[in-house]
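K.L.:
Before I ask anything, let me first share the structure, which is written out below as structure tokens.
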Amino acid sequence: MQRLVWLFVMVVLAACQEERAVSFNEHIRPIFNEKCIGCHGGVKQAGGFGLVFRENALRKTESGKFAIVPGQPGRSEIIARVRHEDEALRMPYDAKPLSEAEIRLLETWIDEGAEWEEHWAYQPPVKPEVPIVNGKQPLHAIDAFVQASLVEKGLSPAPAAQKRELLRRVGFDLTGLPAPDALADAFLNDLISYEALVDSLLARPSYGEHQAAKWMELARYADSRGYERDRPRSIWRYRDWVVAAFNDDLPYADFVTHQLAGDLLPEPTEDQLVATGFHRNTQSNGEGGTENEEYRVAAVIDRVNTTWEVFQGTTMACVQCHAHPYDPITHEEYYTSYALFNNTVDHDHVTEAPLLRTLYAADEAKYKSLQDWLREHAEAEAKTQLREWRELIKIREPRLRPDVFEDVVGGVFTARADEDFLYLSPNNSFALPRRDFSDVAALHLDIRPMAAGSLEVRLDGPEGAVIAEQTLDKDRQRFPHARLPIEVPGGTHALYIVARGEKDGKIVAVNAIGYEPKLPGAKEPGVEQIEAYIADLLAAEDSITTPVMVETSGPSRRKNHLFERGNWLVHGKEVTGGVPKLLDGAKQTKVENRLDFARWLTSPDQPLTSRVAVNRAWAQLFGIGLVATLEDVGSQGAKPTHRELLDYLATEFSGPLEWSTKALLRQIALSDTYKQSSEAGPQLLARDPNNELLARGPRKRLSAEEIRDQALAVSGLLSPKRGGPGVMPPQPDGLWNNIPYSDIEWVTSTGEDRYRRALYTYLRRSSIHPGMTTFDASNRELCLSRRTITNTPLQALMTLNDPAYLEVADKLADKVAPLPDVPAQIDGLYQLMLRRPAAPEEQRILSTLYRKAYAEGQDSHEALTVVATALLNIDEFLTTS
Amino acid sequence: MDALLNEFRHREAHYNSRRNFLRQGAMGLGGLALGSLLGCGNKARVPDTDAGENTMKTALHYAPRAKRVIYLHMAGAPSQLELFDYKPALEKLDGQPCPPSLLAGKRFAFIQGTPMMLGPQANFRQHGQSGAYVSDLLPHFSEVADEVAFLKAVHTEEFNHAPAQLLMQTGSPRPGRPSFGSWVTYGLGSENDNLPGFIVLASGGRNPSAGKKLWGSGFLPSIHQGVQCRTAGDPILYLSDPDGMSRDLRGHSIAAINEINRRQYEAVGDPETLTRIRQYEMAFKMQVSVPEVMDIEKEPDYIHAMYGTEPGKSSFANNCLLARRLVESGVRFVQLYDWGWDAHGSDRSTSLEEGLPAQCRGIDRPMAALIKDLKQRGLLEDTLVVWGGEFGRTPMRENRGGVEMPYLGRDHHGEAFTMWMAGGGVKPGVVYGETDEIGYAGVRDRAHVHDVQATVLQLLGFDHERFTYPFQGRHFRLTDVAGTAIRELMA
């Protein structure tokens, strides 16, 4: 065998004498990764020798020798050591020696200059030529690539799947549901083409819901905050935005940009702000005594890791603490990413601020009048003023928090859990950072009075002149937005806030203070009306609030440091935003904030963005990616099965398809490769158990969501209602009872809300609906790229005994009850559930079951229900093939 | 051996979980075909195609001393200073202000300003041949002092409940990692074919702060997640048949499902279909075996007297007896959580004066009984019992908000706390580690949480550094990147 390999190498060498004979990526990197890098990597560099970065590899090692001398294999210690006779000195240490062929490869490579090459995934994809197969080009490029590799392996594609199978497959793959009756009938009766079927499915609103359900796992979406108390979080508008974005086929580049940096766009729409909820899905910890900064940092780290995994198929868990043992991304580069995400206002606060407020229609009209006023009267920079007022009214930012208050005398600020306020007793005081206050019309005080008293605003010192005063009414516990007009002369001043009161002890908790700018056109007629509107808007009861991203400003900006060994308490050197050199080539793109970053991600030639998205789309249809490890397409990921195909689709997606996800899925779904039958003979199954070669069609178990949705759909129970807050279909009693300090209850929904798609089921992290977790959905703690599909008795118990499935079986029995006899009824069930009549054997088995149930004293309806329950549990109904 | 193990893991990681349940799942060894249960000659014979299972079993790094674990977690963190770590010197300092050196640079959950020192609020006596100090709050447990090994200087960085519990049970303070029991069932498989391999029981009316994450399987296949058996309703969700469905009819239903699935397998050839057949058989058996094992009523009177159990109630005592029954039936990892140990002193129930003694009464008799009972059945030899909280408590009296509180209490404290282990290869009658004279920090033989985990893994036969699972580009392990097994604790 070894000889054969060597022979092959010789042939290759002879065949391409002109160019370099040995490719680092193809020949050398696999040897390094497999045999060497465990000890001679990026972190562990035994003997002072590491093979991740060229500069480390060429350095003088601890022994004083050079491991690699470019051009001189004879003087390279690495060659001497891999050939060494003495086992104690031979490398790899304590392992099987390298083969002669491998050593020759190393020698040739060193002889040719020992050049490092980046892993393919870190180089921009180049559109490959579509291959000719058996002398002609298949109609579809995907098929050309797949069939070319099949020919190479002596295989041929499977025949096309039966129409009925294909209908079921593509229905679930594109909409997560069986195709509706009319569409299915049209297709099965040859009234519409397969292409038209695909287009109709992509146009259905259920398409967006299905895509969103998958995206929720990446976004680690939940309707609660996580950790101990796991209080509710109202962020469903983000989920609904994702559904709409898919249904509107928002180009993927925009889809990425809005989620990462919608708030930083020049004039963001409300939708673009809601999209930033993507990164407000991080968990927050409300447990008493927890330090909020610690969990803010944890959330930022999660955002960095999630961003890299979702959009770049790159796992960064390693470089958080040290240089990556395998990938050439550095520890410092991790923190340049961290710096991009470290300056948002949210900080694990009990209020979940900042929140975008969706106003009631009447208030929205007042808000529009204010905007019109600003456009009309702002003398300069109307845009800036519009933005300032929008943030003030809709997000109530920017605000200063106690961490930037100065000269604090006597106040208590612990920044812990739900006590993250500055508590003041009488005569305690603090100062707002010095600035020119002449453009400030009012202070906005977010305070919680605890006893009667007042807050004085004094100029330039705790004893300075009183320029305003806010009365504290102890009966008014929540006081999120007191508006206190001030008039401060020009020039730089400090404003001192002094607490006054009769009673000893805390009288007020200060959360934050904001500045209201002066309204332009103050002397114009009609200004009183606008002023009144502003007061209304600030006092308005909020209808819906959604956590969003808002960038810090002014004194609240945070500095960014590396964390030594990943410990957030041990700051290393200061860093600024940026992107890893590896992925940016020689471009040195300036990336200073999230928007720059999003634009860099979606720029032409970015090596990973398009490949990762395409790989995920492929996995959605085939059950396995062209790179199997969806979470890691880089040097630590699995080898691509069809790299040229991946690159072809990646360049199509970001090029001619203009980032259209629908067009991409359409292209894949229309290929013959996708349409193949999934049946596999024992030989093929043994050779290719996971269908990497694509010599057959995909066969997959349905997802947790699909299993629920299908049961509801076939029984006619499924509600078409879309969007809105999470709903609570039945679940076993008491599941939420044991959650500590829990202030919410599972209140089973009534009416059609009992029968909504699984996407809309209220998702509480500490107790997710068993239907989700039993069928392998993520726990929504971290981003999950790939579900691990299991096959367990707990799943069987659920589909056999869950009252929700019994209700479905009951409805199914109702539907077929009018049919003349038991065989017809069984056929009817098969038609409803699988769009085919029962086979004779199936008739026999189920009729027998029916008779047994009947013999036990069940009436005909009950016996039919038993049969329907059995059918809900058969393999064919739980899978697509 | 390592190569085999790695190869196996690699395969699994790659397409994780193909036929996982068969391979090394908690219930993967099913022998009895459904047909024989039903007595109807069903031809359900499933070829056991899996080699991985044996690989895992033979690929242990050490000869195992323990085959199964019962882990008693006192959620909320009991005070070592009132239970096991006797500090007469602290008594003398009672009421004195805490020296600044103990406060500088430290983070506390609630203590503010300068708290007062607080002497032990219980009497201590030495017990057994080992002469171990145990507080009078635990009179029954004192009788088995010679059976256990104490770790007096365990420490953790976390000082809030949920993160500290996560660190203790998953090796990381952040959610997302597999739990202790998941790792163990992943590594060892199951000893039975009709019960989950990892079962969780909670008492005290609430789940622990970190909730179900403490028995989640993280990135390991979800079959390894702990199954919480409930005391009200179905012990396992959806276990009971619907009203009107007889066992017999259920058996026929499953036979029909499996027969149709067998035809499907013959037509399509997907091995997952075979696995599904097996899972339905398993489910049918679990419906009988789980209620049976969860029913303590038939235990003899002397056993009830010994544990202090009352059938039908939810209590730590009942859970201890259940733990014994479960390990007897071959469950690999039984985890008990008992809520109510967070003695801050903010009200009567969390006070050292009344709350703590009441908590102690709840666990004293049952945990002593558990050790005696396991021993008399010859199970203690290879069953490891672990006891502890997620951190300890301060030698200072808590002064939440900087003011004196209505009752005596102590704040969270990670520098030093006590755990104990018994059975399963643990050297009995040992005291490992020592704290300073006020019990603030360890001064000798400190043991980090990761050291404790490494020790338990080693007793089960694993080298914690080589027992890994690849995820997100890293080889993860229970002990994260630290931990040393404590040989001094091993018999």
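To be explicit about the labels: the chains of the structure tokens are called A, B, and onward in the order shown, and within each one the residues are counted from 1, while ligands get numbers from 1 in the order they are shown.
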Please identify every residue of chain A that has at least one atom no farther than 7 Å from an atom of chain B, counting only C-alpha atoms, and for each give the shortest atom pair and the distance in Å to one decimal, arranged by chain then increasing number, as a Markdown table.
P.N.:
```
| residue | atom | partner | partner_atom | distance |
| --- | --- | --- | --- | --- |
| A:Tyr227 | CA | B:Ala210 | CA | 5.9 |
| A:Glu228 | CA | B:Ser209 | CA | 4.7 |
| A:Gly289 | CA | B:Ala109 | CA | 4.2 |
| A:Thr290 | CA | B:Asn160 | CA | 6.1 |
| A:Thr315 | CA | B:Gln472 | CA | 5.2 |
| A:Ala317 | CA | B:Gln472 | CA | 6.8 |
| A:Cys318 | CA | B:Arg474 | CA | 6.7 |
| A:Glu631 | CA | B:Gln472 | CA | 6.8 |
| A:Asp632 | CA | B:Gln472 | CA | 6.9 |
| A:Gln636 | CA | B:Gly473 | CA | 5.8 |
| A:Glu679 | CA | B:Val268 | CA | 5.2 |
| A:Ala680 | CA | B:Gly269 | CA | 6.5 |
| A:Asn738 | CA | B:Arg206 | CA | 4.1 |
| A:Ile739 | CA | B:Asn207 | CA | 5.8 |
| A:Pro740 | CA | B:Arg206 | CA | 6.0 |
| A:Ser766 | CA | B:Gly211 | CA | 6.1 |
| A:Asp776 | CA | B:Ser222 | CA | 6.4 |
| A:Glu781 | CA | B:Gly176 | CA | 6.0 |
| A:Leu782 | CA | B:Gly176 | CA | 6.3 |
| A:Thr788 | CA | B:Pro221 | CA | 6.0 |
| A:Ile789 | CA | B:Ser17 | CA | 6.4 |
| A:Thr790 | CA | B:Ser17 | CA | 6.0 |
| A:Asn791 | CA | B:Arg276 | CA | 6.3 |
| A:Thr792 | CA | B:Gln279 | CA | 5.6 |
| A:Pro793 | CA | B:Ala283 | CA | 4.6 |
| A:Leu794 | CA | B:Ala283 | CA | 6.9 |
| A:Ala796 | CA | B:Tyr280 | CA | 5.9 |
| A:Leu797 | CA | B:Tyr238 | CA | 5.7 |
| A:Met798 | CA | B:Tyr238 | CA | 5.6 |
| A:Asn801 | CA | B:Tyr238 | CA | 5.4 |
| A:Asp802 | CA | B:Tyr238 | CA | 5.7 |
| A:Glu842 | CA | B:Ile260 | CA | 6.6 |
| A:Ile845 | CA | B:Ala256 | CA | 6.0 |
| A:Leu846 | CA | B:Ala256 | CA | 6.8 |
| A:Leu849 | CA | B:Ser253 | CA | 6.6 |
| A:Ala853 | CA | B:Leu249 | CA | 6.5 |
| A:Ala870 | CA | B:Ile257 | CA | 5.8 |
| A:Asn873 | CA | B:Ile257 | CA | 6.7 |
| A:Ile874 | CA | B:Ile257 | CA | 5.7 |
| A:Asp875 | CA | B:Asn261 | CA | 5.8 |
```
K.L.:
Just to be explicit: take each residue in the selection above, keep C-alpha atoms, and write the result as an mmCIF file, in the first residue's frame.
P.N.:
```
data_model
loop_
_atom_site.group_PDB
_atom_site.id
_atom_site.type_symbol
_atom_site.label_atom_id
_atom_site.label_comp_id
_atom_site.auth_asym_id
_atom_site.auth_seq_id
_atom_site.Cartn_x
_atom_site.Cartn_y
_atom_site.Cartn_z
ATOM 1 C CA TYR A 227 -30.427 31.431 34.496
ATOM 2 C CA GLU A 228 -32.174 31.089 37.845
ATOM 3 C CA GLY A 289 -26.208 38.976 44.327
ATOM 4 C CA THR A 290 -24.964 38.511 40.773
ATOM 5 C CA THR A 315 -15.754 28.399 16.206
ATOM 6 C CA ALA A 317 -14.280 29.032 21.784
ATOM 7 C CA CYS A 318 -10.532 28.404 21.891
ATOM 8 C CA GLU A 631 -20.475 25.069 12.744
ATOM 9 C CA ASP A 632 -16.939 24.813 11.457
ATOM 10 C CA GLN A 636 -11.028 22.219 12.098
ATOM 11 C CA GLU A 679 -33.685 4.029 -1.353
ATOM 12 C CA ALA A 680 -30.291 2.451 -0.857
ATOM 13 C CA ASN A 738 -40.321 24.116 40.677
ATOM 14 C CA ILE A 739 -38.575 27.040 39.019
ATOM 15 C CA PRO A 740 -37.166 29.174 41.846
ATOM 16 C CA SER A 766 -35.542 26.616 32.148
ATOM 17 C CA ASP A 776 -33.594 17.160 19.971
ATOM 18 C CA GLU A 781 -28.605 28.546 25.821
ATOM 19 C CA LEU A 782 -26.055 28.873 23.060
ATOM 20 C CA THR A 788 -28.050 15.845 16.988
ATOM 21 C CA ILE A 789 -30.839 13.551 15.894
ATOM 22 C CA THR A 790 -31.582 10.830 18.411
ATOM 23 C CA ASN A 791 -34.006 7.978 18.525
ATOM 24 C CA THR A 792 -35.263 7.267 22.041
ATOM 25 C CA PRO A 793 -38.084 5.605 23.980
ATOM 26 C CA LEU A 794 -39.042 9.006 25.433
ATOM 27 C CA ALA A 796 -42.100 7.005 21.499
ATOM 28 C CA LEU A 797 -43.870 7.695 24.801
ATOM 29 C CA MET A 798 -44.614 11.214 23.666
ATOM 30 C CA ASN A 801 -49.376 9.154 25.031
ATOM 31 C CA ASP A 802 -49.268 12.941 24.835
ATOM 32 C CA GLU A 842 -50.833 -2.591 6.148
ATOM 33 C CA ILE A 845 -52.078 -5.297 10.293
ATOM 34 C CA LEU A 846 -54.257 -2.313 11.081
ATOM 35 C CA LEU A 849 -55.478 -3.873 15.525
ATOM 36 C CA ALA A 853 -59.527 -2.713 20.114
ATOM 37 C CA ALA A 870 -50.503 3.820 15.590
ATOM 38 C CA ASN A 873 -46.031 6.582 15.196
ATOM 39 C CA ILE A 874 -44.928 4.774 12.079
ATOM 40 C CA ASP A 875 -41.513 5.432 10.658
#
```
K.L.:
Need the shell around Gly423 (chain B): protein/DNA/RNA residues with any atom at most 6 Å away, counting only C-alpha atoms. Skip same-chain ones fewer than 2 positions apart. Format as a PyMOL selection string?
P.N.:
chain B and resi 380-381+383-384+425-426
K.L.:
As JSON, numbers by chain, please: all residues of region 282-484 of chain A that backbone DSSP puts in strand (DSSP E).
P.N.:
{"A": [355, 356, 357, 358, 399, 400, 406, 407, 408, 409, 412, 413, 422, 423, 424, 429, 430, 431, 432, 433, 434, 435, 436, 440, 441, 442, 443, 444, 445, 446, 447, 448, 449, 453, 454, 455, 456, 457, 458, 459, 466, 467, 468, 469, 470, 471, 472, 479, 480, 481, 482, 483, 484]}
K.L.:
Please give the complete set of residues from region 296-475 of chain B that DSSP, run on the backbone, assigns to helix (DSSP H, G or I), formatted as a PyMOL selection string.
P.N.:
chain B and resi 301-307+316-328+348-350+355-376+380-382+400-402+449-459
K.L.:
Report, in Å to a single decimal, how far apart CA of Thr492 (chain A) and CA of Ala468 (chain A) are.
P.N.:
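Computing the Euclidean distance for CA of Ala468 (chain A) and CA of Thr492 (chain A) yields 17.8 Å.
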K.L.:
Pick the closest to Ala77 (chain B) from B:Asp451, B:Glu404, B:Glu434, B:Glu390: which is it, counting only C-alpha atoms?
P.N.:
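Nearest to Ala77 (chain B): B:Glu390.
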K.L.:
Expressed in Å to a single decimal, how great is the separation between CA of Ala838 (chain A) and CA of Ala160 (chain A)?
P.N.:
22.4 Å
K.L.:
Can you list, as a list in words, every protein, DNA or RNA residue that comes within 12 Å of Leu98 (chain A) when you count only C-alpha atoms, leaving out same-chain residues fewer than 6 positions away?
P.N.:
Gln2, Ile31, Phe32, Glu34, Lys35, Cys36, Ile78, Ile79, Arg81, Val82, Arg83, His84, Arg90, Met91, Pro92, Arg104, Leu105 and Leu106 of chain A
K.L.:
Provide the CA of Met116 (chain B) to CA of Ser351 (chain B) distance in Å, to one decimal place.
P.N.:
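Separation of CA of Met116 (chain B) and CA of Ser351 (chain B): 16.2 Å.
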K.L.:
From the list A:Gly71, A:Pro547, A:Pro398, A:Gly505, which residue is nearest His279 (chain A) when using only C-alpha atoms?
P.N.:
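Of the candidates, the smallest distance to His279 (chain A) is held by A:Pro547.
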K.L.:
Which residues, written as a ChimeraX atom specification, have at least one atom at most 8 Å from Lys313 (chain B), with only C-alpha atoms counted and residues fewer than 3 positions away on the same chain left out?
P.N.:
/B:231,310,318
K.L.:
Find the residues around region 293-297 of chain B up to 8 Å (only C-alpha atoms counted), leave out those fewer than 4 positions away in its own chain, and share them as a PyMOL selection string.
P.N.:
chain B and resi 235+289+311+318+321-322+325-326+329
K.L.:
If we count only C-alpha atoms and set the cut-off at 7 Å, which residues sit around region 180-191 of chain A, ignoring sequence neighbours fewer than 6 positions away in its own chain? Please answer as a PyMOL selection string.
P.N.:
chain A and resi 163-164+197
K.L.:
With N, CA and C atoms retained, could you export that selection as a PDB file, in the first residue's frame?
P.N.:
```pdb
ATOM      1  N   LYS A 163     -43.228  10.530  -7.345  1.00  0.00           N
ATOM      2  CA  LYS A 163     -43.785  11.878  -7.196  1.00  0.00           C
ATOM      3  C   LYS A 163     -44.287  12.134  -5.772  1.00  0.00           C
ATOM      4  N   ARG A 164     -44.930  11.132  -5.212  1.00  0.00           N
ATOM      5  CA  ARG A 164     -45.525  11.301  -3.899  1.00  0.00           C
ATOM      6  C   ARG A 164     -44.447  11.533  -2.834  1.00  0.00           C
ATOM      7  N   LEU A 197     -44.444  23.635  -8.523  1.00  0.00           N
ATOM      8  CA  LEU A 197     -44.685  23.230  -7.130  1.00  0.00           C
ATOM      9  C   LEU A 197     -43.681  23.918  -6.202  1.00  0.00           C
TER      10      LEU A 197
END
```
K.L.:
Point out the residue among A:Ala213, A:Leu432, A:Leu260, A:Ala532 with the least atom-to-atom distance to Thr306 (chain A), counting only C-alpha atoms.
P.N.:
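For Thr306 (chain A), the nearest of the candidates is A:Leu260.
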K.L.:
Would you mind listing what lies within 12 Å of Asp248 (chain A) as a list in words, with only C-alpha atoms counted and same-chain residues fewer than 6 positions away left out?
P.N.:
Leu202, Ala203, Arg204, Pro205, Tyr207, Gly208, Glu209, Gln211, Trp241, Val242, Asp254, Phe255, Ser660, Thr661 and Lys662 of chain A
K.L.:
Output C-alpha atoms for every residue in that selection, as a short mmCIF file (atom, residue, chain, number, x, y, z; two decimals), in the first residue's frame.
P.N.:
```cif
data_model
loop_
_atom_site.label_atom_id
_atom_site.label_comp_id
_atom_site.auth_asym_id
_atom_site.auth_seq_id
_atom_site.Cartn_x
_atom_site.Cartn_y
_atom_site.Cartn_z
CA LEU A 202 -41.53 29.17 -1.70
CA ALA A 203 -44.33 31.70 -2.04
CA ARG A 204 -46.29 30.32 0.90
CA PRO A 205 -46.09 32.19 4.22
CA TYR A 207 -41.94 29.04 4.07
CA GLY A 208 -40.83 32.01 6.18
CA GLU A 209 -42.04 30.34 9.35
CA GLN A 211 -36.90 29.13 7.77
CA TRP A 241 -39.19 40.05 11.78
CA VAL A 242 -37.22 36.94 10.83
CA ASP A 254 -29.05 42.74 4.29
CA PHE A 255 -30.41 40.03 6.54
CA SER A 660 -31.61 35.54 -2.63
CA THR A 661 -32.18 32.65 -0.25
CA LYS A 662 -35.29 31.60 -2.12
#
```
